[in-house]
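S.K.: Provided herewith: query_35.txt, compact mmCIF, C-alpha atoms.
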```txt
# COMPACT_ATOMS: atom_id res chain seq x y z
CA MET E 919 66.66 53.20 62.20
CA THR E 920 65.21 52.37 65.60
CA SER E 921 66.98 50.07 68.03
CA ARG E 922 65.98 46.42 67.93
CA PRO E 923 66.77 43.31 69.96
CA THR E 924 69.97 41.46 69.12
CA ARG E 925 69.27 38.27 67.16
CA TYR E 926 71.12 35.29 68.64
CA THR E 927 71.23 31.99 66.77
CA PRO E 928 68.93 29.56 68.64
CA LEU E 929 70.21 26.25 69.99
CA THR E 930 67.86 24.30 67.70
CA GLU E 931 69.65 25.82 64.69
CA LEU E 932 73.11 25.10 66.06
CA ALA E 933 72.12 21.54 66.94
CA ASP E 934 70.78 20.85 63.44
CA ARG E 935 73.93 22.22 61.81
CA THR E 936 76.14 20.23 64.17
CA ALA E 937 74.23 17.01 63.47
CA ARG E 938 74.60 17.44 59.70
CA LEU E 939 78.35 18.01 59.99
CA GLN E 940 78.69 15.03 62.34
CA ARG E 941 77.00 12.75 59.80
CA LEU E 942 79.43 13.86 57.11
CA SER E 943 82.35 13.48 59.54
CA ARG E 944 81.45 9.86 60.24
CA GLN E 945 80.99 9.15 56.54
CA ASN E 946 84.48 10.51 55.90
CA ASP E 947 86.23 8.76 58.82
CA LEU E 948 86.82 11.91 60.84
CA ASP E 949 86.87 11.76 64.62
CA GLY E 950 85.86 15.40 64.78
CA VAL E 951 86.30 18.86 63.29
CA VAL E 952 88.03 21.91 64.76
CA ILE E 953 86.67 25.24 63.51
CA VAL E 954 88.52 28.54 63.88
CA GLN E 955 87.44 30.76 60.92
CA ASN E 956 84.98 33.55 61.78
CA ALA E 957 82.24 32.73 59.25
CA ASP E 958 82.21 29.06 60.25
CA LEU E 959 82.31 29.93 63.95
CA PHE E 960 79.28 32.18 63.49
CA TYR E 961 77.44 29.41 61.62
CA PHE E 962 78.14 26.57 64.06
CA ALA E 963 78.51 28.48 67.36
CA GLY E 964 76.61 31.75 66.89
CA THR E 965 79.61 33.87 67.84
CA ILE E 966 82.90 34.95 66.29
CA GLN E 967 84.72 35.57 69.54
CA ARG E 968 88.26 34.20 69.18
CA SER E 969 87.70 30.51 69.75
CA HIS E 970 88.27 26.91 68.77
CA LEU E 971 85.03 25.03 68.23
CA PHE E 972 85.41 21.26 68.43
CA ILE E 973 82.59 19.22 66.93
CA PRO E 974 83.27 15.54 67.68
CA ALA E 975 81.89 12.90 65.34
CA GLU E 976 79.69 11.80 68.27
CA GLY E 977 78.59 13.89 71.23
CA LYS E 978 78.19 17.55 72.05
CA PRO E 979 80.44 20.30 70.67
CA VAL E 980 82.61 22.47 72.88
CA LEU E 981 83.54 26.10 72.27
CA MET E 982 86.98 26.90 73.74
CA VAL E 983 87.36 30.68 73.97
CA ARG E 984 90.51 32.78 74.02
CA LYS E 985 88.81 36.23 73.90
CA SER E 986 86.20 37.37 74.85
CA PHE E 987 84.89 34.56 77.04
CA GLU E 988 82.05 36.58 78.56
CA ARG E 989 80.75 37.69 75.16
CA ALA E 990 80.99 34.16 73.80
CA ARG E 991 78.90 32.86 76.70
CA GLN E 992 76.32 35.56 76.03
CA GLU E 993 76.20 35.09 72.25
CA SER E 994 76.44 31.32 71.87
CA ALA E 995 73.60 29.00 72.80
CA LEU E 996 75.96 26.01 72.99
CA GLU E 997 75.96 24.13 76.27
CA ASN E 998 79.73 23.71 76.51
CA VAL E 999 81.48 27.09 76.41
CA ILE E 1000 84.79 27.08 78.28
CA PRO E 1001 87.87 29.33 78.49
CA LEU E 1002 91.09 28.31 76.72
CA ALA E 1003 93.93 30.19 78.40
CA ASN E 1004 96.72 28.58 76.38
CA LEU E 1005 96.70 26.74 73.06
CA LYS E 1006 98.82 24.02 74.63
CA GLU E 1007 95.66 22.99 76.51
CA LEU E 1008 93.92 22.18 73.21
CA PRO E 1009 94.93 18.49 72.89
CA GLY E 1010 93.68 17.70 76.39
CA GLN E 1011 90.38 19.47 75.84
CA LEU E 1012 89.80 17.70 72.52
CA ALA E 1013 90.48 14.35 74.17
CA SER E 1014 88.09 15.07 77.05
CA PHE E 1015 85.20 15.89 74.69
CA SER E 1016 85.72 13.01 72.26
CA SER E 1017 84.44 9.46 72.61
CA GLY E 1018 87.72 7.77 71.75
CA LYS E 1019 91.27 8.27 70.57
CA LEU E 1020 91.58 11.03 67.99
CA LYS E 1021 93.20 9.73 64.81
CA ARG E 1022 91.84 12.05 62.11
CA ILE E 1023 90.83 15.62 62.91
CA GLY E 1024 89.30 17.91 60.31
CA PHE E 1025 90.34 21.56 59.95
CA GLU E 1026 89.35 24.33 57.51
CA LEU E 1027 92.42 23.87 55.34
CA ASP E 1028 91.03 26.06 52.55
CA VAL E 1029 91.40 29.14 54.78
CA LEU E 1030 93.82 28.13 57.56
CA PRO E 1031 97.21 29.90 57.23
CA ALA E 1032 100.10 27.51 56.59
CA ASN E 1033 101.97 28.50 59.75
CA LEU E 1034 98.94 27.67 61.88
CA PHE E 1035 98.54 24.34 60.08
CA PHE E 1036 102.13 23.38 60.94
CA TYR E 1037 101.59 24.50 64.54
CA TYR E 1038 98.42 22.42 64.97
CA GLN E 1039 100.02 19.47 63.22
CA LYS E 1040 102.84 19.40 65.74
CA LEU E 1041 100.57 20.17 68.70
CA LEU E 1042 98.11 17.36 67.92
CA GLU E 1043 100.44 14.62 66.68
CA PRO E 1044 100.17 11.68 66.23
CA ALA E 1045 96.63 12.58 65.06
CA ALA E 1046 96.43 13.43 61.37
CA ILE E 1047 95.01 16.78 60.32
CA VAL E 1048 92.80 16.51 57.23
CA ASP E 1049 90.75 18.97 55.21
CA ALA E 1050 87.14 19.34 56.38
CA SER E 1051 86.40 22.55 54.47
CA ARG E 1052 84.37 20.85 51.76
CA LEU E 1053 82.16 19.14 54.37
CA ILE E 1054 81.61 22.43 56.17
CA ARG E 1055 80.69 24.19 52.93
CA GLN E 1056 78.28 21.39 52.00
CA VAL E 1057 76.42 21.81 55.29
CA ARG E 1058 76.31 25.59 54.92
CA ALA E 1059 75.05 25.42 51.31
CA VAL E 1060 71.60 24.18 52.36
CA LYS E 1061 69.74 26.90 54.23
CA THR E 1062 67.16 26.43 56.98
CA PRO E 1063 63.87 28.37 57.25
CA TYR E 1064 65.53 30.46 59.98
CA GLU E 1065 68.33 31.47 57.61
CA ILE E 1066 65.99 32.16 54.70
CA LYS E 1067 63.98 34.51 56.91
CA ILE E 1068 67.12 36.55 57.63
CA LEU E 1069 68.01 36.54 53.93
CA LYS E 1070 64.62 38.08 53.24
CA ASP E 1071 65.37 40.75 55.84
CA ALA E 1072 68.57 41.48 53.91
CA ALA E 1073 66.53 41.69 50.71
CA ARG E 1074 64.29 44.33 52.28
CA LEU E 1075 67.43 46.29 53.12
CA ASN E 1076 68.40 46.10 49.44
CA GLN E 1077 64.95 47.16 48.28
CA SER E 1078 65.24 50.28 50.41
CA MET E 1079 68.72 51.08 49.08
CA PHE E 1080 67.70 50.64 45.42
CA SER E 1081 64.64 52.84 45.95
CA HIS E 1082 67.01 55.71 46.82
CA VAL E 1083 69.06 55.57 43.59
CA GLU E 1084 66.71 57.81 41.60
CA LYS E 1085 66.72 60.32 44.46
CA PHE E 1086 70.52 60.66 44.46
CA LEU E 1087 71.64 59.94 40.89
CA ARG E 1088 72.38 63.01 38.79
CA GLU E 1089 74.51 63.83 35.77
CA GLY E 1090 78.06 64.96 36.55
CA MET E 1091 78.34 63.46 40.02
CA THR E 1092 81.19 61.02 40.63
CA GLU E 1093 80.59 57.32 41.07
CA VAL E 1094 82.08 57.39 44.55
CA GLU E 1095 79.77 60.24 45.56
CA LEU E 1096 76.71 58.18 44.57
CA ALA E 1097 78.20 55.14 46.28
CA GLY E 1098 78.67 57.06 49.52
CA GLN E 1099 75.07 58.25 49.58
CA LEU E 1100 73.66 54.78 48.95
CA GLU E 1101 76.00 53.16 51.45
CA ALA E 1102 74.84 55.66 54.08
CA VAL E 1103 71.28 54.38 53.52
CA TYR E 1104 72.57 50.85 54.07
CA ARG E 1105 74.31 51.70 57.33
CA ARG E 1106 71.38 53.66 58.76
CA GLU E 1107 69.12 50.66 58.16
CA GLY E 1108 71.36 48.02 59.70
CA HIS E 1109 73.93 46.89 57.12
CA GLN E 1110 76.95 45.46 58.96
CA GLY E 1111 79.31 47.13 56.48
CA TYR E 1112 81.54 44.09 55.88
CA ILE E 1113 81.23 41.57 53.06
CA ARG E 1114 82.72 38.24 54.07
CA MET E 1115 84.42 36.25 51.32
CA ARG E 1116 86.12 32.89 51.64
CA GLY E 1117 88.42 33.01 48.63
CA PHE E 1118 92.05 34.00 49.22
CA ASN E 1119 92.60 37.73 48.58
CA LEU E 1120 89.00 38.26 47.48
CA GLU E 1121 88.01 41.61 48.97
CA LEU E 1122 84.85 43.63 48.52
CA VAL E 1123 83.23 46.68 50.10
CA TYR E 1124 79.45 46.78 49.60
CA GLY E 1125 79.80 45.75 45.94
CA HIS E 1126 80.36 47.37 42.55
CA LEU E 1127 78.89 50.69 41.45
CA MET E 1128 80.26 51.92 38.14
CA SER E 1129 79.14 53.70 35.00
CA GLY E 1130 79.95 53.71 31.29
CA TRP E 1131 83.49 52.73 30.37
CA ASN E 1132 84.47 52.09 33.99
CA LEU E 1133 82.21 49.02 33.94
CA ALA E 1134 84.58 47.54 31.34
CA VAL E 1135 87.79 48.15 33.32
CA THR E 1136 89.08 44.73 34.38
CA SER E 1137 90.45 43.97 37.84
CA PHE E 1138 91.71 41.14 40.01
CA PHE E 1139 88.20 40.58 41.38
CA ASP E 1140 86.63 37.26 40.36
CA GLY E 1141 83.55 38.73 38.73
CA PRO E 1142 82.34 40.05 35.37
CA THR E 1143 82.94 43.72 36.24
CA GLY E 1144 85.96 45.40 37.78
CA GLY E 1145 86.22 49.18 37.89
CA THR E 1146 89.15 51.47 38.62
CA GLY E 1147 88.43 51.95 42.29
CA LEU E 1148 90.06 54.92 43.99
CA SER E 1149 93.68 53.77 43.87
CA PRO E 1150 95.90 50.74 43.09
CA SER E 1151 95.58 49.71 46.75
CA PHE E 1152 91.94 48.75 46.13
CA PRO E 1153 91.56 48.71 42.32
CA GLN E 1154 87.90 47.86 41.88
CA GLY E 1155 84.47 49.42 42.18
CA ALA E 1156 83.45 53.07 42.16
CA GLY E 1157 86.03 55.62 41.11
CA TYR E 1158 86.24 59.35 40.43
CA LYS E 1159 84.65 59.00 36.99
CA ARG E 1160 81.76 61.40 36.49
CA ILE E 1161 78.44 59.88 35.53
CA GLY E 1162 77.25 61.01 32.12
CA ARG E 1163 74.10 60.84 30.02
CA ASP E 1164 73.09 57.89 27.84
CA GLU E 1165 75.37 55.42 29.63
CA PRO E 1166 74.65 52.52 31.99
CA VAL E 1167 74.99 52.96 35.73
CA MET E 1168 75.19 49.54 37.34
CA VAL E 1169 74.44 49.27 41.05
CA ASP E 1170 75.56 45.76 42.04
CA TYR E 1171 75.42 45.71 45.83
CA VAL E 1172 75.37 43.16 48.62
CA GLY E 1173 72.84 43.68 51.38
CA VAL E 1174 73.90 42.15 54.71
CA TYR E 1175 71.64 41.87 57.73
CA ASP E 1176 72.46 39.98 60.93
CA GLY E 1177 75.33 38.26 59.13
CA TYR E 1178 73.40 37.05 56.06
CA MET E 1179 73.74 38.53 52.60
CA VAL E 1180 71.89 38.84 49.31
CA ASP E 1181 73.41 39.97 46.02
CA GLN E 1182 71.45 42.13 43.58
CA ALA E 1183 72.15 44.35 40.55
CA ARG E 1184 70.10 46.84 38.54
CA ILE E 1185 70.79 49.17 35.60
CA PHE E 1186 69.99 52.89 35.72
CA CYS E 1187 70.47 55.47 32.99
CA ILE E 1188 70.13 59.25 32.67
CA GLY E 1189 68.74 59.62 29.17
CA ARG E 1190 68.66 56.54 26.88
CA LEU E 1191 71.01 53.59 26.42
CA PRO E 1192 72.48 52.65 23.02
CA GLU E 1193 70.48 49.94 21.24
CA GLN E 1194 73.31 47.39 21.54
CA LEU E 1195 73.19 47.61 25.34
CA VAL E 1196 69.39 47.50 25.45
CA ARG E 1197 69.42 44.36 23.31
CA ALA E 1198 72.03 42.72 25.56
CA TYR E 1199 70.00 43.61 28.64
CA HIS E 1200 66.98 41.77 27.26
CA VAL E 1201 69.19 38.72 26.66
CA SER E 1202 70.17 38.89 30.36
CA LEU E 1203 66.49 38.75 31.26
CA GLU E 1204 66.02 35.82 28.88
CA ILE E 1205 68.85 33.92 30.58
CA GLN E 1206 67.40 34.67 34.01
CA GLU E 1207 63.99 33.34 32.98
CA LEU E 1208 65.52 30.21 31.43
CA ILE E 1209 67.46 29.39 34.60
CA LYS E 1210 64.35 30.04 36.71
CA GLU E 1211 62.45 27.52 34.58
CA ARG E 1212 65.14 24.82 34.64
CA ALA E 1213 66.68 25.11 38.11
CA ARG E 1214 65.32 22.31 40.29
CA PRO E 1215 66.78 19.97 42.91
CA GLY E 1216 68.92 17.41 41.10
CA VAL E 1217 69.79 19.62 38.12
CA SER E 1218 73.51 20.03 37.44
CA CYS E 1219 75.01 23.47 38.09
CA ALA E 1220 77.34 23.03 35.11
CA GLU E 1221 74.36 22.27 32.88
CA LEU E 1222 72.65 25.51 33.91
CA TYR E 1223 75.80 27.48 33.14
CA ALA E 1224 76.06 25.81 29.73
CA ARG E 1225 72.44 26.74 28.99
CA ALA E 1226 73.20 30.37 29.80
CA VAL E 1227 76.20 30.37 27.43
CA GLN E 1228 74.03 28.83 24.71
CA VAL E 1229 71.53 31.69 24.96
CA ALA E 1230 74.32 34.28 24.82
CA ASP E 1231 75.80 32.51 21.78
CA LYS E 1232 72.42 32.32 20.04
CA HIS E 1233 72.24 36.12 20.16
CA GLY E 1234 75.85 36.60 19.02
CA LEU E 1235 76.94 37.82 22.45
CA LYS E 1236 79.01 34.89 23.72
CA HIS E 1237 82.29 36.85 23.68
CA HIS E 1238 80.78 39.60 25.85
CA PHE E 1239 79.11 37.26 28.35
CA MET E 1240 80.31 37.56 31.96
CA GLY E 1241 83.19 39.89 31.20
CA TYR E 1242 85.19 41.35 28.33
CA PRO E 1243 87.93 40.78 27.32
CA GLU E 1244 88.55 38.55 30.37
CA PRO E 1245 85.30 36.68 31.15
CA VAL E 1246 84.66 34.59 34.23
CA THR E 1247 83.25 31.09 33.76
CA PHE E 1248 80.25 31.22 36.09
CA VAL E 1249 76.83 32.81 36.02
CA GLY E 1250 75.74 32.26 39.62
CA HIS E 1251 77.23 31.76 43.07
CA GLY E 1252 75.97 30.68 46.47
CA VAL E 1253 75.36 33.33 49.11
CA GLY E 1254 74.77 33.24 52.84
CA ILE E 1255 77.26 34.25 55.53
CA GLU E 1256 79.88 34.58 52.78
CA LEU E 1257 79.47 35.91 49.26
CA ASP E 1258 81.23 32.97 47.59
CA GLU E 1259 79.40 29.98 49.02
CA LEU E 1260 78.22 26.82 47.29
CA PRO E 1261 76.64 26.11 44.86
CA VAL E 1262 78.40 27.68 41.86
CA LEU E 1263 76.68 27.72 38.47
CA ALA E 1264 79.94 27.32 36.62
CA ARG E 1265 81.79 25.43 33.95
CA GLY E 1266 83.07 22.20 35.47
CA PHE E 1267 80.96 22.39 38.66
CA ASP E 1268 78.98 19.29 37.79
CA GLU E 1269 77.13 18.96 41.09
CA PRO E 1270 73.36 18.97 41.57
CA LEU E 1271 71.26 21.65 43.16
CA GLU E 1272 69.54 20.75 46.42
CA GLU E 1273 66.35 22.09 47.93
CA ASN E 1274 66.93 25.24 50.03
CA MET E 1275 70.24 26.08 48.44
CA VAL E 1276 70.49 29.84 47.87
CA PHE E 1277 72.39 31.46 45.02
CA ALA E 1278 72.74 34.78 43.21
CA LEU E 1279 72.19 34.58 39.46
CA GLU E 1280 73.97 37.36 37.52
CA PRO E 1281 73.84 37.15 33.70
CA LYS E 1282 75.79 40.19 32.49
CA PHE E 1283 77.30 41.47 29.26
CA VAL E 1284 80.35 43.73 29.08
CA PHE E 1285 81.33 46.02 26.19
CA PRO E 1286 84.07 48.68 25.91
CA GLU E 1287 81.44 51.40 26.45
CA GLY E 1288 79.83 49.77 29.47
CA ALA E 1289 78.00 46.77 30.83
CA VAL E 1290 74.41 45.66 31.41
CA GLY E 1291 72.75 42.79 33.22
CA ILE E 1292 70.66 41.79 36.15
CA GLU E 1293 71.28 39.98 39.40
CA ASN E 1294 68.88 38.47 41.89
CA THR E 1295 69.13 36.03 44.79
CA PHE E 1296 67.01 32.87 44.69
CA VAL E 1297 66.09 29.93 46.91
CA VAL E 1298 65.91 26.49 45.27
CA THR E 1299 62.54 24.79 45.92
CA GLU E 1300 60.90 21.65 44.59
CA LYS E 1301 58.76 23.82 42.31
CA GLY E 1302 61.62 25.98 41.04
CA LEU E 1303 63.35 29.15 42.17
CA ASP E 1304 61.80 31.44 44.78
CA THR E 1305 62.94 35.04 44.26
CA VAL E 1306 64.33 36.65 47.40
CA THR E 1307 65.44 40.05 46.05
CA VAL E 1308 62.67 42.24 44.65
CA PHE E 1309 62.92 45.48 42.67
CA GLU E 1310 61.89 46.73 39.23
CA GLU E 1311 63.63 44.54 36.64
CA GLY E 1312 63.60 46.79 33.58
CA ILE E 1313 66.24 49.40 32.78
CA ILE E 1314 65.42 52.35 35.03
CA TYR E 1315 65.58 55.59 33.05
CA LEU E 1316 65.90 59.06 34.53
CA PRO E 1317 65.28 62.28 32.55
```
Mind turning this structure into structure tokens?
M.R.:
Amino acid sequence: MTSRPTRYTPLTELADRTARLQRLSRQNDLDGVVIVQNADLFYFAGTIQRSHLFIPAEGKPVLMVRKSFERARQESALENVIPLANLKELPGQLASFSSGKLKRIGFELDVLPANLFFYYQKLLEPAAIVDASRLIRQVRAVKTPYEIKILKDAARLNQSMFSHVEKFLREGMTEVELAGQLEAVYRREGHQGYIRMRGFNLELVYGHLMSGWNLAVTSFFDGPTGGTGLSPSFPQGAGYKRIGRDEPVMVDYVGVYDGYMVDQARIFCIGRLPEQLVRAYHVSLEIQELIKERARPGVSCAELYARAVQVADKHGLKHHFMGYPEPVTFVGHGVGIELDELPVLARGFDEPLEENMVFALEPKFVFPEGAVGIENTFVVTEKGLDTVTVFEEGIIYLP
């Protein structure tokens, strides 16, 4: 990999994102929103230096920086970037950048630790602290052309990684050995190495790479596959299992470039897969094509999930769909700066798709002897889904 210029989020992007959050703030009677979580800071300020970003319902935002102030000034295009030496200065700074008395202030209560919530509550009283996380996630769910361009850069990173699987994969090697070789390709080509997730205790490193029976080992991870991992301290993903012939090898990895991620999975096999798994794989492709046909702005996410379940049921595979014996109840999830963004194609998520939402669609089937399926990342357009992640979509056989 050759060196390249650092990509800083332009002011036009930050201004557009701020304006969309401000509209939602006014609609929900918020006087402003305080942002402290890294992913949200990166989205709205272009930096994750330790800061408090205040976005008033009216007016310009201010980034108040604890550490490192100099890096924050370099990385953020915001006009108002100031030092915050002591948290006790926060109420005064919020008041000076707001247009009136602060009565209701939004915070990211889905991720804010309880002790910090109690601290801010006391520090900012009599103002009420309310949850703004849903508003923030709504804004982030709809991507801009700038963001989609970076997502396509991440997809090119994935295409390069997947093209190396046939070079490295061989019978008898351990899953973790293959994982290490593919992850080295990622790092050389600019992968940041960290997968951000919003959900509490959801942890992931690069993704899941397992084979045969290890694909059916369940774990705490909220996904259709689990894996043994290397120890109970991180019980998911690649383990010491040796890869054999005539079994599926699933490479389900997250490419991340300049903070933005795509999710993609493919099936490889040394030899030939059993007919049951081949049949299930073709049902995965059928589900993918059905969702691609039906997904449009305005279509319910829950309806798309129900359609996927119907196809699995039609083929007698409902009980193996999205996990076995403990299935998850989604078939797609939003991606962007975090892996678990909105929208979610899930049971009960009866909200419509919007143009320029981005999600990973992952119809998979799990059996005791292994798992098969496909995953790609798509952009929602008026004409349907635009595929971001590109690689051969059939089962990839090796001699």
S.K.: Which of these residues is nearest to Glu1293 (chain E), using only C-alpha atoms: E:Asp1176, E:Glu1310, E:Glu1026, E:Asp1170?
M.R.: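 Closest residue, counting only C-alpha atoms: E:Asp1170.
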S.K.: When distances are computed from all atoms listed in the file, which of E:Gly1130, E:Pro1001, E:Pro1142, E:Pro1261 shows the smallest separation from Leu1191 (chain E)?
M.R.: E:Gly1130
S.K.: Give the answer as one residue: which of E:Phe960, E:Phe1186, E:Tyr1037, E:Tyr1158 has the shortest atom-to-atom distance to Lys1085 (chain E), using all atoms listed in the file?
M.R.: E:Phe1186
S.K.: Between E:Val1308, E:Met1115, E:Leu1096, E:Leu1041, single out the one closest to Lys1159 (chain E), counting only C-alpha atoms.
M.R.: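 When distances to Lys1159 (chain E) are compared using only C-alpha atoms, the smallest one comes from E:Leu1096.
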S.K.: Excluding Glu1269 (chain E) and residues on its chain fewer than 3 positions from it, collect all residues at most 8 Å away from it, counting all atoms listed in the file, and give them as a list in words.
M.R.: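 Counting only the stated atoms, we get Val1217, Ser1218, Cys1219 and Ala1220 of chain E.
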S.K.: Let me make sure I understand: among E:Leu1069, E:Val952, E:Ala1102, E:Leu1075, which one has the smallest atom-to-atom distance to Gly1254 (chain E) if we use all atoms listed in the file?
M.R.: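 Selected residue with least distance to Gly1254 (chain E): E:Leu1069.
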S.K.: List the neighbours of Leu1263 (chain E) out to 10 Å using all atoms listed in the file; skip same-chain residues closer than 5 positions along the sequence, and give me the result as a compact mmCIF listing (two decimals) with C-alpha atoms, in the coordinates of the input.
M.R.:
```
# COMPACT_ATOMS: atom_id res chain seq x y z
CA SER E 1218 73.51 20.03 37.44
CA CYS E 1219 75.01 23.47 38.09
CA ALA E 1220 77.34 23.03 35.11
CA GLU E 1221 74.36 22.27 32.88
CA LEU E 1222 72.65 25.51 33.91
CA TYR E 1223 75.80 27.48 33.14
CA ALA E 1224 76.06 25.81 29.73
CA ALA E 1226 73.20 30.37 29.80
CA THR E 1247 83.25 31.09 33.76
CA PHE E 1248 80.25 31.22 36.09
CA VAL E 1249 76.83 32.81 36.02
CA GLY E 1250 75.74 32.26 39.62
CA HIS E 1251 77.23 31.76 43.07
CA GLY E 1252 75.97 30.68 46.47
CA ASP E 1268 78.98 19.29 37.79
CA GLU E 1269 77.13 18.96 41.09
CA PRO E 1270 73.36 18.97 41.57
CA LEU E 1271 71.26 21.65 43.16
CA PHE E 1277 72.39 31.46 45.02
CA ALA E 1278 72.74 34.78 43.21
CA LEU E 1279 72.19 34.58 39.46
```
S.K.: Check the smallest atom-to-atom distance from each of E:Val1253, E:Val983, E:Leu1100, E:Val951 to Arg1022 (chain E) using only C-alpha atoms, then report the winner.
M.R.: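 Using only C-alpha atoms, the shortest distance to Arg1022 (chain E) belongs to E:Val951.
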S.K.: Write out as a ChimeraX atom specification each polymer residue whose atoms come within 9 Å of Pro1192 (chain E), counting only C-alpha atoms; drop sequence neighbours fewer than 5 positions from it.
M.R.: /E:1164-1165,1197
S.K.: Which residues, written as a list in words, have at least one atom at most 7 Å from region 1003-1007 of chain E, with all atoms listed in the file counted and residues fewer than 3 positions away on the same chain left out?
M.R.: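 Near neighbours after the sequence-gap exclusion: Arg984, Gly1010 and Gln1011 of chain E.
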S.K.: For CA of Leu1122 (chain E) and CA of Asn1076 (chain E), determine how far apart the two atoms are, in Å to one decimal place.
M.R.: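 Atom-to-atom, CA of Leu1122 (chain E) to CA of Asn1076 (chain E), that is 16.7 Å.
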S.K.: Please determine the residues with any atom at most 8 Å from (64.8, 29.0, 47.5) (coordinates as given in the file, with all atoms listed in the file counting) and report them as a PyMOL selection string.
M.R.: chain E and resi 1066+1273-1276+1296-1299+1302-1306
